[in-house]
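To keep things clear, I will list the structure first and then write my remarks on it.
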Amino acid sequence: MEAVPEHEITMKTQRKYEARVLVVKAMAHTTRMFIVDELSRAGERCVCDLTEMVGVDISTVSKHLTILKNAGLIDDEKRGNQVFYRLKVPCIMDFFRCVESVIECNATGCKTCSCK
């Protein structure tokens, strides 16, 4: 078997990038960013609370929650007639802190990120 040069994408690397894209795309909406942020603060929320907070209909919130769940970012638990959601991977907030550093760096013209 031939060695693959470092600068070429292997199938394994391609799958890893595709998985990363799935997570990033799942967060690429203001409503979903709000939901993730809210779940990081509250620990968990029911669909009815999130619907009220976001200010859209329940079917729209449910679609956003499905996208986040399919990306592996949140879990749900049915309790009676209500469904509660919580972050599956709270470390996603570290990514948001990094994003905030990029935004700050862009605004101030810094040369390197302050998150190190």
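The chains in the structure tokens are called A, B, ... from first to last as shown; in each chain the residues are counted from 1, and the ligands are counted from 1 in the order shown.
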Contacts of A:Lys78 at 12 Å or less, counting only C-alpha atoms, minus same-chain residues fewer than 5 places along, as a compact mmCIF listing (two decimals) with C-alpha atoms, in the first residue's frame?
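Saved as out-v9.txt:
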```txt
# COMPACT_ATOMS: atom_id res chain seq x y z
CA ARG A 45 -35.49 23.82 28.61
CA CYS A 46 -38.80 22.44 27.41
CA VAL A 47 -39.94 23.07 23.84
CA VAL A 83 -40.02 17.35 25.82
CA PHE A 84 -36.97 18.83 27.53
CA TYR A 85 -33.69 19.56 25.76
CA ARG A 86 -30.16 19.92 27.11
```
task = Assign secondary structure with DSSP using the backbone only, and return the residues of chain A in helix (DSSP H, G or I) as a VMD selection string.
result = chain A and resid 11 to 27 30 to 42 47 to 54 58 to 70 92 to 108
All residues 10 Å or closer to stretch 93-96 of chain A, only C-alpha atoms, same chain fewer than 2 positions away omitted, as a list in words =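 Listed by chain and then number, they are Val24, Met33, Val36, Asp37, Ser40, Leu87, Val89, Pro90, Cys91, Cys98, Val99, Glu100, Ser101, Val102 and Cys115 of chain A.
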query = For A:Ser62, which residue among A:Arg79, A:Arg41, A:Lys111, A:Arg32 is the nearest when counting only C-alpha atoms?
reply =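 The shortest atom-to-atom distance to A:Ser62 comes from A:Arg32.
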Å distance separating atom CA of A:Gln82 from atom CA of A:Val23, one decimal place =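 Distance between the two atoms: 25.9 Å.
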query = Could you name the residues that touch A:Val21 at 10 Å or less, counting only C-alpha atoms, but leaving out those on the same chain fewer than 6 positions away, as a PyMOL selection string?
reply = chain A and resi 15+27+71
Filtering to N, CA and C atoms, could you give me those residues as an mmCIF file, in the first residue's frame?
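The resulting selection.cif:
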```
data_model
loop_
_atom_site.group_PDB
_atom_site.id
_atom_site.type_symbol
_atom_site.label_atom_id
_atom_site.label_comp_id
_atom_site.auth_asym_id
_atom_site.auth_seq_id
_atom_site.Cartn_x
_atom_site.Cartn_y
_atom_site.Cartn_z
ATOM 1 N N ARG A 15 -14.078 12.277 5.794
ATOM 2 C CA ARG A 15 -15.214 12.001 6.683
ATOM 3 C C ARG A 15 -15.154 12.876 7.930
ATOM 4 N N MET A 27 -25.103 24.909 13.679
ATOM 5 C CA MET A 27 -25.086 26.118 14.494
ATOM 6 C C MET A 27 -25.226 27.389 13.669
ATOM 7 N N ALA A 71 -27.113 16.724 14.677
ATOM 8 C CA ALA A 71 -25.684 17.043 14.666
ATOM 9 C C ALA A 71 -24.987 16.559 15.934
#
```
inquiry  = Using only C-alpha atoms for the distances, tell me which of A:Glu104, A:Asp57, A:Glu18, A:Asp76 is nearest to A:Gly43.
reply    =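 Between A:Glu104, A:Asp57, A:Glu18, A:Asp76, the residue approaching A:Gly43 most closely is A:Asp76.
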task = as a ChimeraX atom specification, please: all residues of chain A that backbone DSSP puts in strand (DSSP E or B).
result = /A:45-46,74-79,82-87
ask   = Rounded to one decimal in Å, what is the spacing between atom CA of A:Gly72 and atom CA of A:Lys88?
value =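 Value for the atom CA of A:Gly72-atom CA of A:Lys88 distance: 7.0 Å.
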